[in-house]
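Structure below is coords39.txt: compact mmCIF, C-alpha atoms and all ligand atoms.
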# COMPACT_ATOMS: atom_id res chain seq x y z
CA MET A 13 68.88 -60.32 -15.20
CA ARG A 14 71.71 -61.48 -17.44
CA TRP A 15 71.91 -59.73 -20.85
CA TRP A 16 71.48 -62.99 -22.83
CA LEU A 17 68.37 -63.87 -20.88
CA LEU A 18 66.96 -60.39 -21.55
CA SER A 19 67.70 -60.48 -25.29
CA GLY A 20 66.29 -64.03 -25.43
CA LEU A 21 63.08 -62.76 -23.90
CA LEU A 22 62.99 -59.85 -26.35
CA ILE A 23 63.41 -62.19 -29.32
CA ALA A 24 60.67 -64.48 -27.96
CA LEU A 25 58.35 -61.48 -27.61
CA LEU A 26 59.15 -60.36 -31.17
CA VAL A 27 58.40 -63.84 -32.57
CA ILE A 28 55.11 -64.05 -30.69
CA GLY A 29 54.30 -60.48 -31.74
CA SER A 30 54.94 -61.10 -35.44
CA GLY A 31 52.89 -64.30 -35.19
CA LEU A 32 49.99 -62.25 -33.92
CA ILE A 33 50.39 -59.78 -36.76
CA LEU A 34 50.42 -62.65 -39.30
CA THR A 35 47.26 -64.13 -37.82
CA ASP A 36 45.66 -60.72 -37.97
CA ASP A 37 46.59 -60.30 -41.64
CA ASN A 38 45.15 -63.69 -42.51
CA SER A 39 41.81 -63.01 -40.94
CA THR A 40 41.56 -59.60 -42.64
CA GLU A 41 42.19 -61.34 -45.94
CA GLN A 42 39.43 -63.87 -45.30
CA VAL A 43 36.95 -61.13 -44.52
CA GLU A 44 37.86 -59.32 -47.76
CA ASP A 45 37.46 -62.51 -49.80
CA LYS A 46 34.04 -63.01 -48.34
CA ASN A 47 32.96 -59.54 -49.38
CA HIS A 48 33.99 -60.33 -52.92
CA ASP A 49 32.03 -63.58 -53.19
CA ILE A 50 30.44 -63.37 -56.60
CA LYS A 51 26.82 -64.29 -57.18
CA ILE A 52 25.72 -64.22 -60.80
CA PRO A 53 21.99 -63.84 -61.40
CA VAL A 54 20.87 -65.62 -64.57
CA LEU A 55 17.48 -64.48 -65.88
CA MET A 56 15.21 -66.70 -67.97
CA TYR A 57 12.70 -65.24 -70.42
CA HIS A 58 10.49 -66.85 -73.07
CA HIS A 59 8.00 -64.83 -75.10
CA PHE A 60 7.28 -61.09 -75.40
CA SER A 61 3.86 -59.70 -76.28
CA ASP A 62 1.69 -56.66 -75.54
CA ASP A 63 -1.12 -59.08 -74.75
CA PRO A 64 0.45 -61.93 -72.72
CA GLN A 65 -1.55 -65.15 -72.93
CA THR A 66 0.78 -67.40 -70.93
CA SER A 67 2.57 -66.90 -67.63
CA ALA A 68 5.94 -67.14 -69.41
CA THR A 69 5.07 -64.17 -71.64
CA ILE A 70 5.91 -60.64 -70.55
CA THR A 71 5.11 -57.29 -72.11
CA PRO A 72 7.88 -55.27 -73.79
CA ASP A 73 7.03 -52.46 -71.35
CA ASP A 74 7.79 -54.69 -68.34
CA PHE A 75 10.95 -55.91 -70.04
CA GLU A 76 12.06 -52.32 -70.58
CA GLU A 77 11.42 -51.45 -66.91
CA GLN A 78 13.60 -54.40 -65.89
CA LEU A 79 16.43 -53.45 -68.26
CA LYS A 80 16.25 -49.86 -66.99
CA PHE A 81 16.61 -51.09 -63.41
CA LEU A 82 19.64 -53.19 -64.38
CA LYS A 83 21.25 -50.29 -66.25
CA GLU A 84 20.60 -47.79 -63.44
CA HIS A 85 22.28 -50.14 -60.97
CA ASN A 86 25.30 -50.75 -63.18
CA PHE A 87 24.66 -54.39 -64.03
CA GLU A 88 26.53 -55.52 -67.13
CA SER A 89 25.50 -58.49 -69.22
CA ILE A 90 28.06 -61.24 -69.62
CA ASP A 91 28.54 -64.08 -72.06
CA VAL A 92 27.67 -67.69 -71.25
CA ASP A 93 31.39 -68.50 -71.81
CA ASP A 94 32.25 -66.10 -68.96
CA VAL A 95 29.86 -67.94 -66.65
CA ILE A 96 31.35 -71.36 -67.40
CA THR A 97 34.93 -70.10 -67.04
CA PHE A 98 34.04 -68.63 -63.65
CA VAL A 99 32.32 -71.83 -62.46
CA GLU A 100 35.14 -74.07 -63.66
CA THR A 101 38.14 -72.04 -62.51
CA GLY A 102 36.74 -69.68 -59.85
CA ASP A 103 38.52 -66.93 -61.78
CA ASP A 104 36.47 -63.73 -61.66
CA ASP A 105 39.05 -61.38 -63.21
CA HIS A 106 37.14 -61.24 -66.48
CA LEU A 107 33.81 -60.47 -64.82
CA PRO A 108 32.38 -56.95 -64.38
CA LYS A 109 31.60 -55.79 -60.83
CA ARG A 110 27.91 -56.59 -61.30
CA PRO A 111 27.43 -59.36 -63.83
CA VAL A 112 24.09 -60.62 -65.12
CA LEU A 113 23.35 -63.28 -67.74
CA ILE A 114 20.11 -62.80 -69.69
CA THR A 115 18.74 -65.99 -71.29
CA ILE A 116 15.74 -66.35 -73.60
CA ASP A 117 14.32 -69.83 -74.27
CA ASP A 118 12.51 -71.44 -77.20
CA GLY A 119 13.21 -68.94 -80.00
CA TYR A 120 9.93 -67.13 -80.48
CA ARG A 121 10.08 -64.47 -83.16
CA SER A 122 9.25 -61.91 -80.46
CA THR A 123 12.86 -62.35 -79.31
CA TYR A 124 13.79 -60.54 -82.52
CA THR A 125 10.87 -58.16 -82.93
CA LYS A 126 10.27 -57.12 -79.29
CA ALA A 127 13.23 -58.02 -77.04
CA PHE A 128 16.16 -57.41 -79.38
CA PRO A 129 15.47 -53.68 -80.00
CA LEU A 130 15.30 -53.09 -76.22
CA LEU A 131 18.45 -55.10 -75.55
CA GLU A 132 20.20 -52.95 -78.17
CA GLU A 133 18.81 -49.73 -76.73
CA TYR A 134 20.02 -50.53 -73.22
CA ASN A 135 23.22 -52.16 -74.42
CA PHE A 136 22.70 -55.69 -73.06
CA ASP A 137 23.73 -58.99 -74.63
CA ALA A 138 21.80 -62.21 -74.12
CA THR A 139 21.91 -65.95 -74.79
CA LEU A 140 19.13 -67.60 -76.76
CA PHE A 141 18.28 -71.30 -76.32
CA MET A 142 16.68 -72.35 -79.62
CA ILE A 143 14.36 -75.28 -80.34
CA THR A 144 15.92 -76.22 -83.66
CA GLU A 145 12.86 -77.94 -85.18
CA ARG A 146 11.02 -74.62 -84.96
CA ILE A 147 13.56 -72.59 -86.96
CA ASN A 148 11.75 -70.89 -89.88
CA GLN A 149 8.36 -72.11 -88.61
CA LEU A 150 5.90 -69.33 -88.93
CA SER A 151 2.56 -69.65 -87.18
CA ASP A 152 3.28 -72.97 -85.50
CA GLU A 153 0.64 -73.43 -82.80
CA GLY A 154 -0.21 -69.78 -83.29
CA TYR A 155 3.37 -68.64 -82.64
CA ASP A 156 6.04 -67.45 -85.04
CA PHE A 157 9.59 -68.65 -84.52
CA LEU A 158 12.91 -67.17 -85.61
CA THR A 159 14.23 -67.61 -89.13
CA ASP A 160 17.78 -68.55 -90.16
CA ASP A 161 18.52 -64.97 -91.13
CA GLU A 162 17.21 -63.57 -87.86
CA LEU A 163 19.29 -66.04 -85.85
CA LEU A 164 22.39 -64.97 -87.76
CA GLU A 165 21.60 -61.30 -87.23
CA LEU A 166 21.05 -61.83 -83.50
CA GLU A 167 24.29 -63.79 -83.18
CA GLU A 168 26.16 -61.05 -85.03
CA ALA A 169 24.76 -58.48 -82.59
CA GLY A 170 25.91 -60.38 -79.48
CA ILE A 171 22.84 -62.56 -78.78
CA LYS A 172 24.51 -66.00 -78.63
CA VAL A 173 22.44 -68.89 -79.93
CA GLU A 174 22.70 -72.23 -78.09
CA SER A 175 20.65 -75.46 -78.00
CA HIS A 176 17.27 -76.11 -76.41
CA SER A 177 16.82 -79.53 -78.12
CA VAL A 178 15.24 -80.45 -81.45
CA SER A 179 11.60 -80.92 -80.48
CA HIS A 180 11.24 -79.57 -76.91
CA VAL A 181 10.05 -82.70 -75.11
CA PRO A 182 10.83 -83.40 -71.44
CA PHE A 183 13.86 -85.73 -71.60
CA THR A 184 12.97 -87.54 -68.38
CA GLU A 185 9.69 -88.87 -69.80
CA ARG A 186 9.62 -92.06 -71.83
CA LYS A 187 7.14 -92.76 -74.56
CA GLU A 188 4.73 -95.61 -73.99
CA ASP A 189 6.46 -99.01 -74.22
CA GLU A 190 9.78 -97.32 -74.98
CA GLN A 191 12.76 -99.54 -74.18
CA ASP A 192 15.87 -98.23 -72.41
CA HIS A 193 17.99 -98.12 -75.56
CA GLU A 194 15.21 -96.48 -77.61
CA TRP A 195 14.78 -93.76 -75.04
CA ARG A 196 18.51 -93.18 -74.91
CA ASN A 197 18.80 -93.02 -78.71
CA ARG A 198 15.93 -90.57 -78.96
CA ILE A 199 17.43 -88.22 -76.37
CA GLN A 200 20.91 -88.51 -77.85
CA ASN A 201 19.47 -87.49 -81.18
CA GLU A 202 17.74 -84.49 -79.56
CA LEU A 203 21.11 -83.41 -78.14
CA GLU A 204 23.31 -84.14 -81.15
CA GLU A 205 21.06 -83.03 -83.99
CA SER A 206 20.18 -79.67 -82.41
CA LYS A 207 23.89 -79.04 -81.84
CA GLU A 208 24.75 -79.94 -85.45
CA VAL A 209 22.00 -77.80 -86.97
CA LEU A 210 23.14 -74.74 -85.02
CA GLU A 211 26.83 -75.38 -85.62
CA GLN A 212 26.21 -75.54 -89.38
CA LEU A 213 24.17 -72.37 -89.36
CA LEU A 214 26.46 -70.36 -87.07
CA GLU A 215 29.76 -71.90 -88.21
CA ARG A 216 31.08 -72.27 -84.67
CA LYS A 217 30.98 -74.76 -81.80
CA VAL A 218 27.76 -74.87 -79.82
CA ASN A 219 28.65 -75.73 -76.22
CA TYR A 220 25.63 -75.00 -74.07
CA PHE A 221 22.21 -76.49 -73.51
CA ALA A 222 19.04 -75.68 -71.60
CA TYR A 223 16.74 -78.57 -70.60
CA PRO A 224 13.22 -78.39 -72.08
CA PHE A 225 10.87 -77.74 -69.14
CA GLY A 226 13.93 -78.02 -66.90
CA ALA A 227 13.40 -81.81 -66.91
CA TRP A 228 16.69 -83.09 -65.55
CA ASP A 229 18.17 -86.09 -63.78
CA THR A 230 21.69 -87.47 -63.38
CA GLN A 231 21.18 -90.14 -66.05
CA ILE A 232 20.25 -87.54 -68.64
CA GLU A 233 23.08 -85.33 -67.46
CA ASN A 234 25.50 -88.12 -68.45
CA TRP A 235 24.03 -88.16 -71.97
CA VAL A 236 24.38 -84.37 -72.17
CA VAL A 237 28.06 -84.68 -71.23
CA ASP A 238 28.48 -87.49 -73.82
CA ALA A 239 27.10 -85.11 -76.44
CA GLU A 240 29.92 -82.69 -75.50
CA TYR A 241 27.98 -79.86 -73.95
CA GLU A 242 30.17 -77.94 -71.51
CA GLY A 243 27.42 -76.29 -69.54
CA THR A 244 23.69 -76.69 -69.04
CA PHE A 245 20.92 -74.63 -67.51
CA LEU A 246 18.04 -75.86 -65.36
CA VAL A 247 14.76 -74.21 -64.39
CA ARG A 248 15.64 -73.77 -60.73
CA GLU A 249 15.94 -70.58 -58.77
CA GLY A 250 19.29 -69.50 -57.39
CA TYR A 251 22.48 -67.68 -58.23
CA VAL A 252 25.46 -69.08 -60.07
CA THR A 253 28.44 -69.08 -57.71
CA GLU A 254 31.93 -70.53 -57.60
CA GLU A 255 30.34 -73.65 -56.07
CA SER A 256 27.88 -74.17 -58.93
CA HIS A 257 27.98 -77.36 -61.00
CA PRO A 258 28.55 -76.45 -64.69
CA GLN A 259 25.91 -78.99 -65.76
CA ARG A 260 23.33 -77.72 -63.25
CA LEU A 261 23.18 -73.95 -63.54
CA PHE A 262 20.28 -72.16 -61.87
CA ARG A 263 18.16 -69.37 -63.34
CA PHE A 264 15.50 -66.94 -62.18
CA GLY A 265 12.40 -67.23 -64.37
CA VAL A 266 10.76 -63.90 -65.19
CA THR A 267 7.00 -64.31 -65.59
CA LYS A 268 3.96 -62.21 -66.51
CA ASP A 269 2.82 -61.91 -62.90
CA MET A 270 6.20 -60.88 -61.49
CA THR A 271 6.03 -57.33 -60.16
CA LEU A 272 8.94 -54.94 -60.62
CA ASP A 273 9.57 -55.18 -56.86
CA GLU A 274 9.78 -58.97 -57.10
CA PHE A 275 12.17 -58.58 -60.01
CA LYS A 276 14.29 -56.13 -58.00
CA SER A 277 14.43 -58.54 -55.06
CA ILE A 278 16.54 -60.92 -57.18
CA PHE A 279 19.25 -58.26 -57.20
CA GLU A 280 18.79 -57.01 -53.64
CA PRO A 281 21.56 -59.18 -52.14
CA LEU A 282 23.99 -57.78 -54.72
CA LEU A 283 23.33 -54.11 -54.04
CA ASP A 284 24.42 -51.69 -51.36
CA GLU A 285 21.67 -50.91 -48.87
CA GLU A 286 21.02 -47.33 -49.96
CA GLU A 287 20.54 -48.42 -53.56
CA MET A 288 17.41 -50.42 -52.87
CA ASN A 289 15.29 -47.30 -52.20
ZN ZN A 301 11.57 -74.22 -73.43
How does the structure come out when it is put into structure tokens?
Amino acid sequence: MRWWLLSGLLIALLVIGSGLILTDDNSTEQVEDKNHDIKIPVLMYHHFSDDPQTSATITPDDFEEQLKFLKEHNFESIDVDDVITFVETGDDDHLPKRPVLITIDDGYRSTYTKAFPLLEEYNFDATLFMITERINQLSDEGYDFLTDDELLELEEAGIKVESHSVSHVPFTERKEDEQDHEWRNRIQNELEESKEVLEQLLERKVNYFAYPFGAWDTQIENWVVDAEYEGTFLVREGYVTEESHPQRLFRFGVTKDMTLDEFKSIFEPLLDEEEMN
């Protein structure tokens, strides 16, 4: 064989060889990316009481068991801003290895008297979605709601306060004989006024919203965007991932009848096998 033919063959082999190595590297990278796919569980709570009367009420003891589980498995609470940044940019650099977002809806006073001390004890932050008409209402329908001062104290301590509308009506339902424009005006007011009330109290921008009763459709979503909310939460089960829509974020509702095992199963896909025992 002539020398130039031999060296030609050698070069060809080298090129093919390096191509194979490159392909190999690429596939390894893909596998690694897959392992790092982030799923953020968002928890949704409402009321806390030693004597739960509704399914959305849980006992402080159950809440403590759940926080203990999260702490023992190294979950760290994140801010709602972190969630939106992740969803919008896919950037997870700012996220802890095991993120969780704790949300509490409605603004019952038990958020302050029962949940807050436990969140402090176990070093978790949370996001509170407040019905603004209920602020300072004591004994409304048999329930106490948070006061101005309590909201400020919670916010100061890392419990972010965001909007859950003015009057907590399902946005998708019209009143009897309500015309299109009347319905739209009423909902716009729910969105804008609740935002303004909280922004005045907290002296910062309020950017997030949770739908009362999770009542959502694409028409209402447009009104939410018009009112300049950057992210909204539904009442639908599932994780927040890179693919999530910032105006349609899922949450896991924690209810009175949920066992600790059922609670743990939310986190099962995020743990290593030996940790589930
Ligand atoms: Zn609610």
### Message
Please find the residues contacting ligand ZN 301 (chain A) at a distance of at most 12 Å between atoms, with all atoms listed in the file counted, and report them as a VMD selection string.
### Response
chain A and resid 56 to 59 68 115 to 120 140 to 144 146 175 to 183 221 to 227 245 to 247 265
#### Entry: range 147-149 of chain A environment, 7 Å, only C-alpha atoms, sequence neighbours closer than 3 positions dropped, as a VMD selection string
chain A and resid 144 152 156 to 160
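The coordinates place CA of Pro72 in chain A at 16.7 Å from CA of Tyr155 in chain A.
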### Task
Name the residues in contact with Glu287 in chain A at a cut-off of 10 Å, using all atoms listed in the file, excluding same-chain residues fewer than 6 positions from it; report them as a ChimeraX atom specification.
/A:84-85,280
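The coordinates place CA of Phe87 in chain A at 28.3 Å from CA of Asp63 in chain A.
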### Query
Could you state the separation of CA of Glu249 in chain A and CA of Glu205 in chain A in Å, given to one decimal place?
28.6 Å
### Neighbour residues at most 9 Å from (30.0, -79.6, -76.6) (all atoms listed in the file) as a PyMOL selection string
chain A and resi 207+217-221+236-243
### Task
Around the point (15.2, -58.9, -56.6), in the coordinates given by the file, pick out the residues reaching within 12 Å, counting all atoms listed in the file, and return them as JSON, numbers by chain.
{"A": [53, 54, 55, 78, 81, 82, 249, 250, 251, 264, 265, 266, 270, 271, 272, 273, 274, 275, 276, 277, 278, 279, 280, 281, 282, 283, 288]}
### Query
From the list A:Thr184, A:Ser61, A:Thr230, A:Ser89, which residue is nearest Tyr124 in chain A when using only C-alpha atoms?
A:Ser61
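Shortest atom-to-atom contact with Leu163 in chain A among A:Phe128, A:Phe136, A:Asp93, A:Glu286: A:Phe128, counting all atoms listed in the file.
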### Task
Pick out the closest residue to Ile90 in chain A from this set: A:Pro258, A:Gly102, A:Gly170, A:Gly154. Count all atoms listed in the file.
A:Gly170
Tell me, as a compact mmCIF listing (two decimals) with C-alpha atoms, keeping the file's coordinate frame, which residues lie within 7 Å of Ile52 in chain A, counting all atoms listed in the file; anything in the same chain fewer than 5 positions away does not count.
# COMPACT_ATOMS: atom_id res chain seq x y z
CA PRO A 111 27.43 -59.36 -63.83
CA VAL A 112 24.09 -60.62 -65.12
CA TYR A 251 22.48 -67.68 -58.23
CA VAL A 252 25.46 -69.08 -60.07
CA THR A 253 28.44 -69.08 -57.71
Put a box with edges along x, y and z around all the listed atoms of range 132-145 of chain A, pad it by 5 Å on each side, then give me its centre and sizes in Å, one decimal, as AutoDock Vina command-line options.
--center_x 18.3 --center_y -63.8 --center_z -79.1 --size_x 20.9 --size_y 38.2 --size_z 22.1
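Distances here use only C-alpha atoms; by that measure, the residue among A:Ile171, A:Ile232, A:Leu164, A:Ile50 closest to Asp105 in chain A is A:Ile50.
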